[in-house]
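So this one's work_35.cif, mmCIF, C-alpha atoms and all ligand atoms:
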data_target
loop_
_atom_site.label_atom_id
_atom_site.label_comp_id
_atom_site.auth_asym_id
_atom_site.auth_seq_id
_atom_site.Cartn_x
_atom_site.Cartn_y
_atom_site.Cartn_z
CA MET A 1 -15.95 20.54 -1.99
CA SER A 2 -18.10 17.67 -0.78
CA LYS A 3 -18.82 16.41 2.74
CA PRO A 4 -16.56 13.64 4.03
CA THR A 5 -18.11 10.16 4.12
CA ILE A 6 -16.40 8.08 6.76
CA TYR A 7 -17.39 4.67 8.13
CA SER A 8 -15.90 3.38 11.36
CA SER A 9 -18.29 0.58 12.29
CA ALA A 10 -20.22 -2.04 10.32
CA ASP A 11 -23.65 -0.74 11.44
CA GLN A 12 -22.93 2.60 9.72
CA ILE A 13 -22.56 1.05 6.26
CA ASP A 14 -25.43 2.39 4.16
CA PHE A 15 -24.36 1.30 0.68
CA LYS A 16 -24.01 -1.90 -1.31
CA LEU A 17 -20.64 -2.47 -2.95
CA GLU A 18 -22.27 -3.14 -6.32
CA ASP A 19 -23.95 0.27 -6.21
CA LEU A 20 -20.70 2.22 -5.83
CA SER A 21 -19.21 3.86 -8.93
CA SER A 22 -16.55 1.82 -10.63
CA MET A 23 -12.91 2.72 -11.12
CA PRO A 24 -10.72 1.25 -13.86
CA PRO A 25 -7.98 -1.14 -12.72
CA PRO A 26 -4.52 0.49 -12.69
CA ASN A 27 -2.34 -0.39 -15.67
CA ARG A 28 0.99 1.12 -14.66
CA VAL A 29 3.43 0.58 -11.82
CA LEU A 30 5.89 3.08 -10.40
CA MET A 31 9.10 1.76 -8.83
CA VAL A 32 12.30 3.42 -7.58
CA GLU A 33 15.72 1.88 -8.23
CA PRO A 34 17.29 0.55 -5.01
CA THR A 35 20.69 2.22 -5.60
CA TYR A 36 20.59 3.95 -2.21
CA PHE A 37 18.38 1.44 -0.39
CA ASP A 38 19.68 0.49 3.06
CA VAL A 39 18.58 0.34 6.68
CA GLU A 40 20.04 3.52 8.18
CA TYR A 41 17.52 4.20 11.01
CA VAL A 42 14.79 2.37 12.88
CA ILE A 43 11.21 3.56 12.33
CA ASN A 44 9.41 0.22 12.58
CA PRO A 45 10.09 -2.91 14.67
CA HIS A 46 11.32 -4.91 11.65
CA MET A 47 14.27 -2.53 11.23
CA ALA A 48 15.64 -3.07 14.75
CA ASP A 49 19.12 -4.67 14.59
CA GLN A 50 19.22 -4.36 10.80
CA ILE A 51 21.20 -1.14 10.44
CA GLY A 52 23.92 -1.68 7.84
CA MET A 53 22.82 -5.29 7.21
CA VAL A 54 21.48 -4.88 3.66
CA ASP A 55 23.32 -6.69 0.87
CA THR A 56 23.08 -4.08 -1.87
CA ILE A 57 23.77 -6.41 -4.79
CA GLN A 58 21.24 -8.92 -3.55
CA ALA A 59 18.69 -6.11 -3.04
CA TYR A 60 19.21 -5.02 -6.65
CA ASN A 61 18.64 -8.57 -7.91
CA GLU A 62 15.46 -8.96 -5.87
CA TRP A 63 14.16 -5.61 -7.09
CA GLN A 64 14.87 -6.54 -10.73
CA HIS A 65 12.91 -9.81 -10.37
CA ILE A 66 9.97 -7.96 -8.86
CA LYS A 67 10.01 -5.49 -11.74
CA ASP A 68 10.11 -8.39 -14.24
CA ALA A 69 7.20 -10.07 -12.45
CA PHE A 70 5.01 -6.98 -12.90
CA GLU A 71 5.93 -6.78 -16.57
CA ASN A 72 5.22 -10.49 -17.03
CA ILE A 73 1.64 -10.03 -15.85
CA GLY A 74 1.16 -7.22 -18.34
CA LEU A 75 1.76 -4.01 -16.40
CA GLU A 76 3.90 -1.16 -17.65
CA VAL A 77 6.64 -0.40 -15.12
CA ILE A 78 7.98 3.14 -14.81
CA THR A 79 11.20 3.48 -12.84
CA LEU A 80 12.63 6.52 -11.12
CA GLU A 81 16.21 6.87 -9.96
CA GLY A 82 16.86 6.62 -6.25
CA VAL A 83 18.14 9.64 -4.34
CA ARG A 84 21.23 9.51 -2.10
CA GLY A 85 20.28 9.91 1.55
CA LEU A 86 16.71 8.62 1.07
CA PRO A 87 17.13 4.86 1.67
CA ASP A 88 13.37 4.15 1.99
CA MET A 89 12.41 5.86 -1.27
CA VAL A 90 12.16 2.38 -2.88
CA PHE A 91 8.93 1.88 -0.94
CA THR A 92 6.89 3.73 -3.52
CA ALA A 93 3.54 2.86 -1.95
CA ASN A 94 4.07 5.48 0.73
CA GLN A 95 4.57 8.93 -0.74
CA SER A 96 1.16 9.42 -2.35
CA LEU A 97 -2.33 8.19 -3.15
CA PRO A 98 -3.24 8.29 -6.86
CA TYR A 99 -6.84 8.51 -8.06
CA ILE A 100 -8.71 8.60 -11.38
CA ASP A 101 -12.20 10.04 -11.79
CA GLN A 102 -15.02 9.03 -14.16
CA ASN A 103 -13.74 11.46 -16.83
CA GLY A 104 -10.30 9.90 -16.77
CA ASP A 105 -8.77 12.91 -14.98
CA LYS A 106 -5.95 11.90 -12.67
CA PHE A 107 -5.14 13.21 -9.21
CA ALA A 108 -2.65 12.46 -6.46
CA VAL A 109 -2.87 13.25 -2.77
CA MET A 110 0.66 13.72 -1.52
CA SER A 111 1.64 12.15 1.79
CA ARG A 112 2.67 13.92 4.95
CA MET A 113 5.09 11.32 6.27
CA HIS A 114 4.97 10.47 9.96
CA ALA A 115 8.61 9.42 9.80
CA GLU A 116 10.74 12.57 9.69
CA GLN A 117 13.54 10.66 7.91
CA ARG A 118 11.20 10.06 4.95
CA ARG A 119 9.67 13.52 4.44
CA GLU A 120 11.98 14.59 1.60
CA GLU A 121 10.93 11.64 -0.54
CA VAL A 122 7.53 13.14 -1.29
CA ALA A 123 8.66 16.04 -3.50
CA TRP A 124 10.37 13.66 -5.97
CA PHE A 125 7.07 11.89 -6.55
CA GLU A 126 5.16 15.13 -6.86
CA GLN A 127 7.57 16.21 -9.57
CA TRP A 128 6.97 12.97 -11.48
CA TYR A 129 3.18 13.26 -11.16
CA ARG A 130 3.20 16.83 -12.48
CA GLN A 131 5.13 15.95 -15.62
CA ASP A 132 2.77 12.99 -16.14
CA GLY A 133 -0.28 15.28 -16.07
CA TYR A 134 -1.69 14.51 -12.63
CA GLU A 135 -3.34 17.22 -10.57
CA ILE A 136 -1.80 17.47 -7.09
CA PHE A 137 -3.53 17.77 -3.73
CA HIS A 138 -1.78 18.51 -0.45
CA LEU A 139 -3.29 17.99 2.97
CA ASP A 140 -3.98 21.17 4.90
CA GLU A 141 -0.83 22.22 6.79
CA ASN A 142 -2.95 23.44 9.70
CA ASN A 143 -4.53 20.08 10.43
CA SER A 144 -1.22 18.43 11.35
CA SER A 145 -2.48 15.00 10.27
CA PHE A 146 -0.01 12.44 9.04
CA PHE A 147 -0.66 10.39 5.94
CA GLU A 148 1.54 7.69 4.40
CA GLY A 149 -0.17 7.18 1.05
CA MET A 150 -0.99 3.72 -0.25
CA GLY A 151 0.83 2.13 2.67
CA ASP A 152 -2.34 2.94 4.60
CA ALA A 153 -4.97 3.98 2.04
CA ILE A 154 -5.98 1.14 -0.26
CA TRP A 155 -8.56 1.24 -3.06
CA HIS A 156 -11.21 -1.45 -3.12
CA PRO A 157 -10.60 -3.20 -6.46
CA ARG A 158 -12.49 -1.46 -9.27
CA LYS A 159 -14.59 0.61 -6.88
CA LYS A 160 -14.63 4.20 -5.76
CA LEU A 161 -14.12 3.12 -2.15
CA LEU A 162 -11.08 3.63 0.03
CA TRP A 163 -9.94 1.47 2.95
CA GLY A 164 -8.06 3.70 5.40
CA GLY A 165 -5.70 2.28 8.00
CA TYR A 166 -4.77 4.51 10.93
CA GLY A 167 -3.28 4.35 14.39
CA VAL A 168 0.45 3.92 13.78
CA ARG A 169 1.67 6.10 10.90
CA THR A 170 -1.43 7.72 9.40
CA SER A 171 -3.80 9.85 11.52
CA LYS A 172 -7.51 9.14 11.53
CA SER A 173 -8.18 12.82 10.75
CA ALA A 174 -6.32 12.61 7.41
CA TYR A 175 -9.18 10.58 5.95
CA GLU A 176 -11.79 13.32 6.45
CA GLU A 177 -9.72 15.54 4.23
CA ILE A 178 -9.05 12.83 1.67
CA SER A 179 -12.71 11.84 1.51
CA ARG A 180 -13.61 15.46 0.89
CA LEU A 181 -10.85 16.16 -1.63
CA LEU A 182 -11.56 13.11 -3.79
CA ASP A 183 -15.27 12.83 -2.97
CA VAL A 184 -14.95 9.16 -2.03
CA PRO A 185 -16.23 7.13 0.92
CA VAL A 186 -13.60 5.83 3.33
CA ILE A 187 -13.87 2.79 5.61
CA LEU A 188 -11.55 3.23 8.59
CA LEU A 189 -9.53 0.33 9.95
CA HIS A 190 -7.75 0.68 13.27
CA LEU A 191 -4.24 -0.84 13.43
CA VAL A 192 -3.35 -2.03 16.92
CA ASP A 193 0.02 -3.79 16.60
CA GLU A 194 3.22 -1.82 15.79
CA ARG A 195 4.63 -4.69 13.76
CA PHE A 196 1.78 -4.04 11.33
CA TYR A 197 2.45 -0.33 11.10
CA HIS A 198 0.88 0.15 7.67
CA LEU A 199 -2.45 -1.25 6.47
CA ASP A 200 -0.63 -2.95 3.58
CA THR A 201 1.22 -5.21 6.06
CA CYS A 202 -2.01 -6.85 7.28
CA PHE A 203 -4.68 -6.23 4.59
CA SER A 204 -4.32 -7.18 0.94
CA VAL A 205 -7.28 -6.89 -1.40
CA LEU A 206 -7.12 -9.64 -4.01
CA ASN A 207 -10.27 -8.98 -6.00
CA GLU A 208 -13.67 -7.33 -5.47
CA SER A 209 -14.85 -10.04 -3.08
CA THR A 210 -11.64 -11.46 -1.59
CA VAL A 211 -9.16 -10.08 0.91
CA MET A 212 -6.18 -11.56 2.70
CA ILE A 213 -5.56 -10.31 6.26
CA TYR A 214 -3.67 -10.87 9.49
CA PRO A 215 -6.60 -10.57 11.94
CA ASP A 216 -4.67 -9.79 15.15
CA ALA A 217 -3.43 -6.52 13.66
CA PHE A 218 -6.98 -5.06 13.92
CA ASP A 219 -9.48 -4.22 16.62
CA ASP A 220 -12.87 -5.99 16.62
CA SER A 221 -14.86 -3.31 14.93
CA SER A 222 -12.36 -3.17 12.05
CA LEU A 223 -12.62 -6.94 11.62
CA GLN A 224 -16.40 -6.61 11.45
CA LEU A 225 -16.06 -3.96 8.77
CA ILE A 226 -13.78 -6.20 6.73
CA ASN A 227 -16.13 -9.17 7.10
CA SER A 228 -19.10 -7.04 6.10
CA GLN A 229 -17.64 -6.16 2.67
CA PHE A 230 -15.75 -9.26 1.53
CA ASP A 231 -17.29 -12.69 0.83
CA LEU A 232 -13.98 -14.41 1.36
CA VAL A 233 -11.42 -13.41 4.02
CA ILE A 234 -8.20 -15.43 3.83
CA GLU A 235 -6.16 -15.32 7.05
CA ALA A 236 -2.38 -15.50 7.30
CA THR A 237 -0.64 -17.28 10.17
CA GLN A 238 1.34 -15.24 12.68
CA TYR A 239 4.63 -16.75 11.50
CA GLU A 240 4.11 -15.83 7.84
CA ALA A 241 2.54 -12.44 8.59
CA VAL A 242 5.26 -11.29 11.00
CA ASN A 243 8.39 -12.90 9.62
CA LEU A 244 7.68 -13.00 5.90
CA LEU A 245 5.23 -10.09 5.63
CA ALA A 246 3.01 -12.52 3.71
CA VAL A 247 0.14 -10.05 3.61
CA ASN A 248 2.32 -7.38 1.97
CA ALA A 249 1.52 -9.17 -1.28
CA THR A 250 -0.17 -7.66 -4.31
CA CYS A 251 -2.76 -8.89 -6.77
CA PRO A 252 -3.02 -6.18 -9.44
CA ASP A 253 -5.36 -8.09 -11.78
CA GLY A 254 -7.55 -10.15 -9.45
CA LYS A 255 -5.80 -13.42 -10.24
CA ASN A 256 -1.99 -13.20 -10.05
CA VAL A 257 -0.61 -12.79 -6.53
CA LEU A 258 2.99 -11.59 -6.14
CA ILE A 259 4.20 -12.58 -2.68
CA GLN A 260 7.35 -13.14 -0.62
CA GLN A 261 8.88 -16.57 -1.10
CA GLY A 262 8.16 -19.36 1.40
CA CYS A 263 4.67 -18.40 2.60
CA THR A 264 3.64 -22.04 2.39
CA ASP A 265 0.43 -21.88 4.40
CA ILE A 266 -1.11 -18.82 2.76
CA ASN A 267 0.02 -19.90 -0.71
CA LYS A 268 -1.84 -23.16 -0.33
CA LYS A 269 -5.00 -21.27 0.62
CA LEU A 270 -4.53 -18.85 -2.29
CA ARG A 271 -4.09 -21.70 -4.79
CA ASN A 272 -7.14 -23.51 -3.39
CA HIS A 273 -9.17 -20.40 -4.16
CA GLY A 274 -7.90 -20.27 -7.74
CA PHE A 275 -5.19 -17.62 -7.46
CA GLN A 276 -1.95 -17.88 -9.41
CA VAL A 277 0.89 -17.48 -6.91
CA HIS A 278 4.25 -15.95 -7.91
CA GLU A 279 6.84 -16.28 -5.16
CA LEU A 280 9.53 -13.61 -5.05
CA SER A 281 12.50 -13.11 -2.78
CA THR A 282 12.29 -9.83 -0.88
CA TYR A 283 14.58 -10.80 2.04
CA GLU A 284 16.71 -7.66 1.79
CA PHE A 285 13.63 -5.44 1.90
CA LEU A 286 12.07 -7.40 4.78
CA LYS A 287 14.99 -6.05 6.85
CA SER A 288 13.41 -2.64 6.39
CA GLY A 289 9.86 -3.86 7.07
CA GLY A 290 8.73 -3.98 3.45
CA SER A 291 7.89 -6.54 0.78
CA VAL A 292 6.26 -6.70 -2.66
CA PHE A 293 3.21 -4.51 -2.08
CA CYS A 294 5.05 -1.49 -0.78
CA MET A 295 7.83 -1.60 -3.38
CA LYS A 296 5.43 -0.45 -6.07
CA LEU A 297 2.71 2.08 -6.65
CA LEU A 298 -0.17 1.05 -8.89
CA LEU A 299 -1.54 3.89 -10.98
CA TRP A 300 -3.14 4.88 -14.24
N1 LIG B 401 11.35 1.22 6.21
C1 LIG B 401 10.12 1.67 5.65
C2 LIG B 401 9.30 2.41 6.69
O1 LIG B 401 9.25 1.98 7.81
C3 LIG B 401 9.34 0.53 5.08
C4 LIG B 401 8.06 0.96 4.44
C5 LIG B 401 7.32 -0.17 3.85
N2 LIG B 401 6.15 0.32 3.25
C6 LIG B 401 4.93 -0.15 3.44
N3 LIG B 401 3.96 0.40 2.77
N4 LIG B 401 4.66 -1.11 4.27
O2 LIG B 401 8.70 3.41 6.43
#

Mind turning the file's structure into structure tokens?
Ligand code: ARG
Amino acid sequence: MSKPTIYSSADQIDFKLEDLSSMPPPNRVLMVEPTYFDVEYVINPHMADQIGMVDTIQAYNEWQHIKDAFENIGLEVITLEGVRGLPDMVFTANQSLPYIDQNGDKFAVMSRMHAEQRREEVAWFEQWYRQDGYEIFHLDENNSSFFEGMGDAIWHPRKKLLWGGYGVRTSKSAYEEISRLLDVPVILLHLVDERFYHLDTCFSVLNESTVMIYPDAFDDSSLQLINSQFDLVIEATQYEAVNLLAVNATCPDGKNVLIQQGCTDINKKLRNHGFQVHELSTYEFLKSGGSVFCMKLLLW
């Protein structure tokens, strides 16, 4: 096992992005049917006052349109059935972190969910990975770190480099283990506002040189780290970031951005920079604190 490589301030960066090994772009998407999706408990500020407020039929329609949108941009979508009693299982970004090495061997680090209500979701994903031929890693039970998968750990597009959000759900210490297990460098980003409880709510990589963020969700040294690695940093307004989870968008191919409907300000900026914007309604899922990014898992 290798030594962990962790960066927590811009002056520690000792590599150039172009020198890092490349990783193929993901070509598949994993989604879970929203049959049992609902807001049944409150584990983030967006869920407050939303218990029992989900319109199940509307949620199903929104989910179907998101699935179609991924297929329309050329990704293969794999769907798993939902499980009764696990209303947040539809947020498939959270239960794991998939990885592919230079030989094409595939691995997944399984999450250790901070939210007790979500712990049982993980085994269902592990089962899927195993039948698909992935090798499974678990975090060491003795370290008691929490880790919420791709909600907090986000691959730099096409690079063997991980951006690791911590401070609300995922523990900082989880990244030492992940860096060692996968032999990848990790840049740590400190989340300082509970409304942006996962990195994917305030940090969305669009392509190798562009990222979209909500700056107030980070401390200064994290902002410096972000600015040190991306040529273009597109900022969302507070209104769109908080109320529409604008930054919980996804750009799987470096040009098509799938985003919650009505993010007028950020969409204008995205279009000005040449991105193709696809607006989707995720209102039912916003009640649970999630939007397009966290309703899918990109993998190989
Ligand atoms: N209700 C879910 C939770 O709080 C929403 C998760 C959204 N996922 C995400 N990656 N942002 O855990």

Between A:Asn27, A:Asn94, A:Ser145, A:Ser204, which is the closest to ligand LIG 401 (chain B) once you count only C-alpha atoms and all ligand atoms?
->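 Comparing A:Asn27, A:Asn94, A:Ser145, A:Ser204 against ligand LIG 401 (chain B), the winner is A:Asn94.
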
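Each residue with an atom within 7 Å of any atom of ligand LIG 401 (chain B) appears in the list, which was built counting all atoms listed in the file: Ile43, Asn44, Met47, Asp88, Phe91, Ala93, Asn94, Ala115, Met150, Gly151, His198, Asp200, Thr201, Ser288, Gly289, Gly290, Phe293 and Cys294 of chain A.
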
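Around segment 179-196 of chain A, within 6 Å and counting all atoms listed in the file, the residues found are Ser2, Lys3, Pro4, Thr5, Ile6, Tyr7, Ser8, Pro45, Leu161, Leu162, Trp163, Gly164, Gly165, Tyr166, Gly167, Tyr175, Glu176, Glu177, His198, Thr201, Ala217, Phe218 and Ser222 of chain A, once anything fewer than 2 positions away on its own chain is removed.
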
Interatomic distance, atom CA of Asp49 of chain A to atom CA of Tyr283 of chain A (Å, one decimal) =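 Between atom CA of Asp49 of chain A and atom CA of Tyr283 of chain A the gap works out to 14.7 Å.
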
Looking at all atoms listed in the file, which of A:Lys287, A:His278, A:Arg112, A:Lys269 is the one that sits closest to Asp140 of chain A?
->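 For Asp140 of chain A, the nearest of the given residues is A:Arg112.
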
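With atom CA of Gly274 of chain A on one side and atom CA of Asn256 of chain A on the other, the separation reads 9.5 Å.
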
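The gap separating atom CA of Leu270 of chain A from atom CA of Val29 of chain A is 23.1 Å, in Å to one decimal.
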
Which residues, written as a list in words, have at least one atom at most 7 Å from Val277 of chain A, with all atoms listed in the file counted and residues fewer than 2 positions away on the same chain left out?
-> Asn256, Val257, Leu258, Asn267, Arg271, Phe275 and Glu279 of chain A

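Residue nearest Gln276 of chain A within the list A:His156, A:Arg119, A:Lys255, A:Lys106: A:Lys255 [criterion: smallest interatomic distance, all atoms listed in the file].
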
Go through A:Lys159, A:Arg28, A:Lys268, A:His273 and flag the residue nearest Glu76 of chain A, using all atoms listed in the file for the distances.
->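 Of A:Lys159, A:Arg28, A:Lys268, A:His273, the one nearest Glu76 of chain A is A:Arg28, counting all atoms listed in the file.
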
Which residue of A:Gln260, A:Thr79, A:Gln50, A:Asn207 approaches Ser291 of chain A most closely, using all atoms listed in the file = A:Gln260

Measuring atom to atom with all atoms listed in the file, identify which of A:Val54, A:Ile13, A:Ala241, A:Val168 is nearest to Phe203 of chain A.
->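 Under the stated criterion, the closest residue is A:Ala241.
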
Kindly provide, as a ChimeraX atom specification, the polymer residues lying within 8 Å of (-1.1, -9.7, 8.9), counting all atoms listed in the file and using the coordinates exactly as they appear in the file.
-> /A:196,201-203,213-217,235-238,241-242,245-247

Which polymer residues, protein or nucleic acid, are no farther than 9 Å from (12.0, 13.6, -8.7), counting all atoms listed in the file, as a VMD selection string?
-> chain A and resid 80 to 83 121 to 128

Name the residues in contact with Glu135 of chain A at a cut-off of 9 Å, using all atoms listed in the file, excluding same-chain residues fewer than 6 positions from it; report them as number ranges by chain.
-> A: 105-109, 129

Can you list, as number ranges by chain, every protein, DNA or RNA residue that comes within 6 Å of Ser96 of chain A when you count all atoms listed in the file, leaving out same-chain residues fewer than 6 positions away?
-> A: 109-111, 149

With all heavy atoms retained, output segment 225-235 of chain A as a CSV table (one decimal), in the first residue's frame.
chain,number,residue,atom,x,y,z
A,225,LEU,N,-7.1,26.9,-3.2
A,225,LEU,CA,-6.8,25.6,-3.9
A,225,LEU,C,-7.6,25.5,-5.2
A,225,LEU,O,-7.0,25.1,-6.2
A,225,LEU,CB,-7.1,24.4,-2.9
A,225,LEU,CG,-6.1,24.1,-1.9
A,225,LEU,CD1,-6.6,23.3,-0.8
A,225,LEU,CD2,-4.9,23.4,-2.5
A,226,ILE,N,-8.8,25.8,-5.1
A,226,ILE,CA,-9.7,25.7,-6.3
A,226,ILE,C,-9.1,26.7,-7.4
A,226,ILE,O,-8.9,26.2,-8.6
A,226,ILE,CB,-11.1,26.1,-6.0
A,226,ILE,CG1,-11.7,25.1,-5.0
A,226,ILE,CG2,-12.0,26.2,-7.3
A,226,ILE,CD1,-13.1,25.4,-4.5
A,227,ASN,N,-8.8,27.9,-7.0
A,227,ASN,CA,-8.3,28.9,-8.0
A,227,ASN,C,-6.9,28.4,-8.6
A,227,ASN,O,-6.6,28.8,-9.7
A,227,ASN,CB,-8.2,30.2,-7.4
A,227,ASN,CG,-9.6,30.9,-7.3
A,227,ASN,OD1,-10.3,30.9,-8.3
A,227,ASN,ND2,-10.0,31.3,-6.1
A,228,SER,N,-6.2,27.7,-7.8
A,228,SER,CA,-4.8,27.3,-8.3
A,228,SER,C,-4.9,26.2,-9.4
A,228,SER,O,-4.0,26.1,-10.1
A,228,SER,CB,-4.0,26.8,-7.1
A,228,SER,OG,-4.4,25.5,-6.7
A,229,GLN,N,-6.0,25.5,-9.5
A,229,GLN,CA,-6.1,24.3,-10.4
A,229,GLN,C,-7.0,24.6,-11.6
A,229,GLN,O,-6.9,23.8,-12.6
A,229,GLN,CB,-6.5,23.1,-9.7
A,229,GLN,CG,-5.5,22.6,-8.6
A,229,GLN,CD,-4.1,22.5,-9.1
A,229,GLN,OE1,-3.8,21.9,-10.1
A,229,GLN,NE2,-3.2,23.1,-8.4
A,230,PHE,N,-7.9,25.5,-11.5
A,230,PHE,CA,-8.8,25.8,-12.6
A,230,PHE,C,-8.6,27.1,-13.3
A,230,PHE,O,-8.4,28.1,-12.5
A,230,PHE,CB,-10.3,25.7,-12.1
A,230,PHE,CG,-10.7,24.3,-11.7
A,230,PHE,CD1,-10.6,23.9,-10.4
A,230,PHE,CD2,-11.1,23.4,-12.7
A,230,PHE,CE1,-11.0,22.6,-10.1
A,230,PHE,CE2,-11.5,22.1,-12.3
A,230,PHE,CZ,-11.4,21.7,-11.0
A,231,ASP,N,-8.5,27.2,-14.6
A,231,ASP,CA,-8.4,28.5,-15.3
A,231,ASP,C,-9.6,29.3,-15.1
A,231,ASP,O,-9.5,30.5,-15.1
A,231,ASP,CB,-8.1,28.2,-16.8
A,231,ASP,CG,-6.9,27.4,-17.0
A,231,ASP,OD1,-6.0,27.4,-16.1
A,231,ASP,OD2,-6.7,26.8,-18.1
A,232,LEU,N,-10.8,28.6,-15.2
A,232,LEU,CA,-12.0,29.4,-15.1
A,232,LEU,C,-12.9,28.9,-14.0
A,232,LEU,O,-13.1,27.7,-13.9
A,232,LEU,CB,-12.8,29.2,-16.5
A,232,LEU,CG,-14.1,29.8,-16.6
A,232,LEU,CD1,-14.0,31.3,-16.5
A,232,LEU,CD2,-14.8,29.4,-18.0
A,233,VAL,N,-13.2,29.8,-13.1
A,233,VAL,CA,-14.1,29.5,-11.9
A,233,VAL,C,-15.4,30.3,-12.1
A,233,VAL,O,-15.4,31.5,-12.0
A,233,VAL,CB,-13.4,29.8,-10.6
A,233,VAL,CG1,-14.3,29.5,-9.4
A,233,VAL,CG2,-12.1,29.1,-10.5
A,234,ILE,N,-16.5,29.6,-12.4
A,234,ILE,CA,-17.8,30.2,-12.6
A,234,ILE,C,-18.5,30.2,-11.2
A,234,ILE,O,-18.7,29.2,-10.6
A,234,ILE,CB,-18.6,29.5,-13.7
A,234,ILE,CG1,-17.8,29.5,-15.0
A,234,ILE,CG2,-19.9,30.2,-13.8
A,234,ILE,CD1,-18.5,28.8,-16.1
A,235,GLU,N,-19.0,31.4,-10.8
A,235,GLU,CA,-19.6,31.5,-9.4
A,235,GLU,C,-21.1,31.6,-9.5
A,235,GLU,O,-21.6,32.4,-10.3
A,235,GLU,CB,-19.0,32.7,-8.7
A,235,GLU,CG,-17.6,32.5,-8.4
A,235,GLU,CD,-17.0,33.6,-7.4
A,235,GLU,OE1,-17.8,34.4,-7.0
A,235,GLU,OE2,-15.8,33.5,-7.1
